[in-house]
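> Before I ask anything, here is the structure I am working with.
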Amino acid sequence: MKQKAPRFTSREQVLMEEFELIHQALFTDPDDQSGWFYHLWLLDQTIAPDAPFLVSSWPSDGSELLVSSNTCVEGCKPFRLAYNAPHRIFPVVLYFNQVVKGVNATTVTVESIFSKNDELIWQPLSTNNSAEARSWVTYLKIPDVTCNSPRIYSVKVNLGHSQGLVSSTGFPFSHTYRFGFTLDVSSHGSECTGSDYDVKTVDWDDGNFYCSPSLLQNGLPNTPFEQLRITKDCEPLASKWHIESLSNEINLFQELISEMDCKIAKLTVARLLIARDVIMSREILPTEKRTHFVETLQLYDDLMKLDPSHIGYYKDQRSLVLLDQITSDKESLAKHCWHHKELASKSVSHSICVRFDRLSLTRIGSIERILWVSMLDLSHNELQSIEGLEAMQLLSYLNLSNNKISSITALEPLRMIKSLKILDISYNEIGTHSIDTTRYLCASPLSHKFGSIGSVGEFEHYGNGKIDYWEAMLIFKDLHLTQLSVVGNPALNESFSLLLVKLIPSLERFDGRHIWQV
């Protein structure tokens with residue numbers, strides 16, 4: 001069926017017949033859970049594409065970016081995207097719909113005058129130490145320029161033109177994509193050199209943020225997926241049959257829950273609504289706006305009351321739907337975008353802060369739509385994991401305070417964010433549990449899996465007993481933070497604080513105090 005062999009019944013026909021049979025079983029005995037599980041499997045067969053495809057990228061197609069070696073960008077055109085590259089490196093991120101492998105200089109070509117394609121190394125952004133991931137990154141080396149002498153560079157990225165890029169299950173990448181962007185590499189003023197404009201501390205208090213009406217109009221970049229273009233004809237990612245089938249399923253089960261209060265029927269409708277939106281989002285130029293967010297969120301609210309024993313799962317799914325709704329278009333996202341007063345007053349390029357605080361989030365999603373974000377506020381939620389943030393290679397300021405993060409190992413995605421400068425993980429639950437079962441998912445310092453860990457003898461530098469904090473050494477040793485807040489966590493003690501200060505020599509403020517006061 002997957003290979004569409006000749007003289008065999010088509011995939012669509014087989015699925016239609018199976019749906020018809022399972023409908024009869026479910027409406028005959030709604031309490032038989034085996035039927036619901038089979039329906040879920042059929043749903044997955046209907047919506048899950050076998051071949052991987054590109055969802056988004058950073059930069060997006062057609063982007064014009066101002067690249068500076070410092071944070072000051074005075075003279076920059078209003079709302080023009082800007083990027084601070086103090087180490088003269090610029091990230092290029094590819095984000096796929098599923099885990100892929102084989103991303104390299106052969107399967108992806110980057111055309112630019114300052115970086116040779118065969119010298120670029122693509123790295124998987126994943127915490128599981130494998131050579132596959134949904135998001136991949138490479139770094140372009142930005143040339144030095146003389147003061148006040150901007151230069152415009154054009155960069156083109158092509159993928160899918162050669163074999164080797166495949167999904168984790170072996171299906172080949174079957175589409176050809178091309179996107180391009182320009183980099184304005186400039187010093188922009190001799191007065192903007194050094195640390196005068198380098199923001200090393202940030203106050204996350206609500207009073208330091210303000211909303212600009214202009215953000216609602218044209219202050220946000222286009223979503224990368226809207227700007228991707230396919231350079232040759234290919235098989236549609238979503239067919240009319242897919243959409244019609246899911247619509248019929250939604251109508252059928254909505255009728256069922258109108259007649260009886262069946263929790264598994266409500267869960268099925270919620271999954272169907274999400275599946276239909278997933279199908280619609282695959283269209284390069286969507287013709288129909290997604291309108292099921294409110295209904296889906298309400299269904300998960302009902303399920304949390306009807307079935308409290310599975311409330312964790314429902315909260316996770318509700319969080320994903322909510323973030324999908326918020327990031328679905330510019331107007332929705334702009335309502336969560338604020339300017340930081342101090343950064344804006346200093347003409348800092350990334351003064352826009354995306355604030356997803358106080359949303360009761362337990363899981364992070366829709367990362368592919370916010371790859372451009374450099375300042376993110378996720379405080380006052382219920383997050384226990386930050387998986388997915390590793391794809392945000394521009395992230396410089398991150399607020400994770402007042403969540404439910406219970407271990408240092410849950411912060412492992414931060415290891416892959418080279419741009420991170422300011423981090424707030426205060427008032428979480430780090431150290432609450434005497435046994436951290438997640439630590440065994442994180443590489444031991446004795447495993448030699450990470451070159452950044454060094455030899456066992458290196459731990460002697462941190463004094464006796466510090467080997468108990470090897471997770472912190474793994475996460476924080478290679479970060480270049482200037483501000484870190486960890487107050488309010490059960491694990492916090494003098495020994496732990498001193499270790500963090502020694503691990504991060506770039507620190508200037510720790511828990512609200514100057515480093516010399518610690």
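Scheme for the structure tokens: letters A, B, ... for chains in order shown; per-chain residue numbers from 1; ligand numbers from 1 in order shown.
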What's around Trp372 in chain A at 8 Å? Count only C-alpha atoms, leave out sequence neighbours fewer than 4 positions away in its own chain, and write the answer as a list in words.
Trp58, Pro59, Met392 and Leu394 of chain A
> List the spatial neighbours of Ser506 in chain A as a list in words - criterion: any atom at most 9 Å away, only C-alpha atoms, same-chain residues fewer than 3 positions off excluded.
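That gives Leu479, His480, Leu481, Thr482, Gln483 and Val501 of chain A.
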> Which residues are close to range 401-410 of chain A, i.e. within 8 Å by only C-alpha atoms, leaving aside same-chain residues fewer than 2 positions away? Reply as a count of residues only.
31
> Contacts of Thr182 in chain A at 12 Å or less, counting only C-alpha atoms, minus same-chain residues fewer than 4 places along, as a PyMOL selection string?
chain A and resi 59-67+80-82+111-113+151-157
> Please produce a file of those selected residues containing C-alpha atoms, as an mmCIF file, in the first residue's frame.

data_model
loop_
_atom_site.group_PDB
_atom_site.id
_atom_site.type_symbol
_atom_site.label_atom_id
_atom_site.label_comp_id
_atom_site.auth_asym_id
_atom_site.auth_seq_id
_atom_site.Cartn_x
_atom_site.Cartn_y
_atom_site.Cartn_z
ATOM 1 C CA PRO A 59 16.821 32.822 7.860
ATOM 2 C CA SER A 60 13.619 32.565 5.850
ATOM 3 C CA ASP A 61 13.448 33.094 2.126
ATOM 4 C CA GLY A 62 13.833 36.714 1.088
ATOM 5 C CA SER A 63 15.070 37.937 4.477
ATOM 6 C CA GLU A 64 17.269 41.012 4.639
ATOM 7 C CA LEU A 65 19.411 40.945 7.765
ATOM 8 C CA LEU A 66 21.719 43.461 9.327
ATOM 9 C CA VAL A 67 24.677 41.668 10.912
ATOM 10 C CA ARG A 80 14.538 45.332 9.622
ATOM 11 C CA LEU A 81 15.765 42.041 11.027
ATOM 12 C CA ALA A 82 19.094 42.368 12.797
ATOM 13 C CA GLU A 111 26.214 29.405 -1.989
ATOM 14 C CA SER A 112 28.035 32.442 -0.600
ATOM 15 C CA ILE A 113 31.250 34.287 -1.330
ATOM 16 C CA ARG A 151 28.683 45.279 2.405
ATOM 17 C CA ILE A 152 25.755 43.261 1.119
ATOM 18 C CA TYR A 153 26.185 39.511 0.761
ATOM 19 C CA SER A 154 23.755 37.153 -0.930
ATOM 20 C CA VAL A 155 23.354 33.594 0.400
ATOM 21 C CA LYS A 156 21.430 30.795 -1.335
ATOM 22 C CA VAL A 157 20.578 27.423 0.179
#
> Taking only residues of range 311-414 of chain A that have an atom at most 12 Å from an atom of range 94-102 of chain A, what is each one's shortest atom pair and its distance in Å to one decimal, using only C-alpha atoms, in chain and number order, as CSV?

residue,atom,partner,partner_atom,distance
A:Ser366,CA,A:Tyr95,CA,11.0
A:Ile367,CA,A:Tyr95,CA,9.1
A:Glu368,CA,A:Tyr95,CA,6.4
A:Arg369,CA,A:Tyr95,CA,9.8
A:Ile370,CA,A:Tyr95,CA,11.3
A:Leu371,CA,A:Tyr95,CA,9.2
A:Gly388,CA,A:Tyr95,CA,11.0
A:Glu390,CA,A:Tyr95,CA,11.4
A:Ala391,CA,A:Tyr95,CA,8.0
A:Met392,CA,A:Tyr95,CA,10.4
A:Gln393,CA,A:Leu94,CA,10.9
> Counting only C-alpha atoms, what is within 10 Å of Thr107 in chain A, bar same-chain residues fewer than 3 positions away, as a count of residues only?
12
> Hey, can you check how far CA of Arg509 in chain A sits from CA of Phe356 in chain A?
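Rounded to one decimal, the two atoms are 24.7 Å apart.
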> What's the 10 Å shell around Ile264 in chain A, counting only C-alpha atoms, without same-chain residues fewer than 5 positions away, as a list of chain:residue names?
A:Pro30, A:Asp31, A:Gln33, A:Trp36, A:Phe37, A:Ile257, A:Val269, A:Ala270, A:Leu303, A:Asp307
> Using only C-alpha atoms, please write the residues we just selected to a file, as a tab-separated table (two decimals), in the first residue's frame.

chain	number	residue	atom	x	y	z
A	30	PRO	CA	-18.46	2.77	22.31
A	31	ASP	CA	-16.96	1.24	25.46
A	33	GLN	CA	-11.41	0.56	23.64
A	36	TRP	CA	-10.75	3.38	19.41
A	37	PHE	CA	-7.10	2.35	19.35
A	257	ILE	CA	-20.54	13.31	21.62
A	269	VAL	CA	-12.62	14.67	18.03
A	270	ALA	CA	-9.78	16.73	19.50
A	303	LEU	CA	-11.23	15.98	29.35
A	307	ASP	CA	-10.54	12.07	33.34
> Smallest atom-to-atom distance to Asp184 in chain A: which of A:Val486, A:Leu343, A:Ile142, A:Ile250, using only C-alpha atoms?
A:Ile142
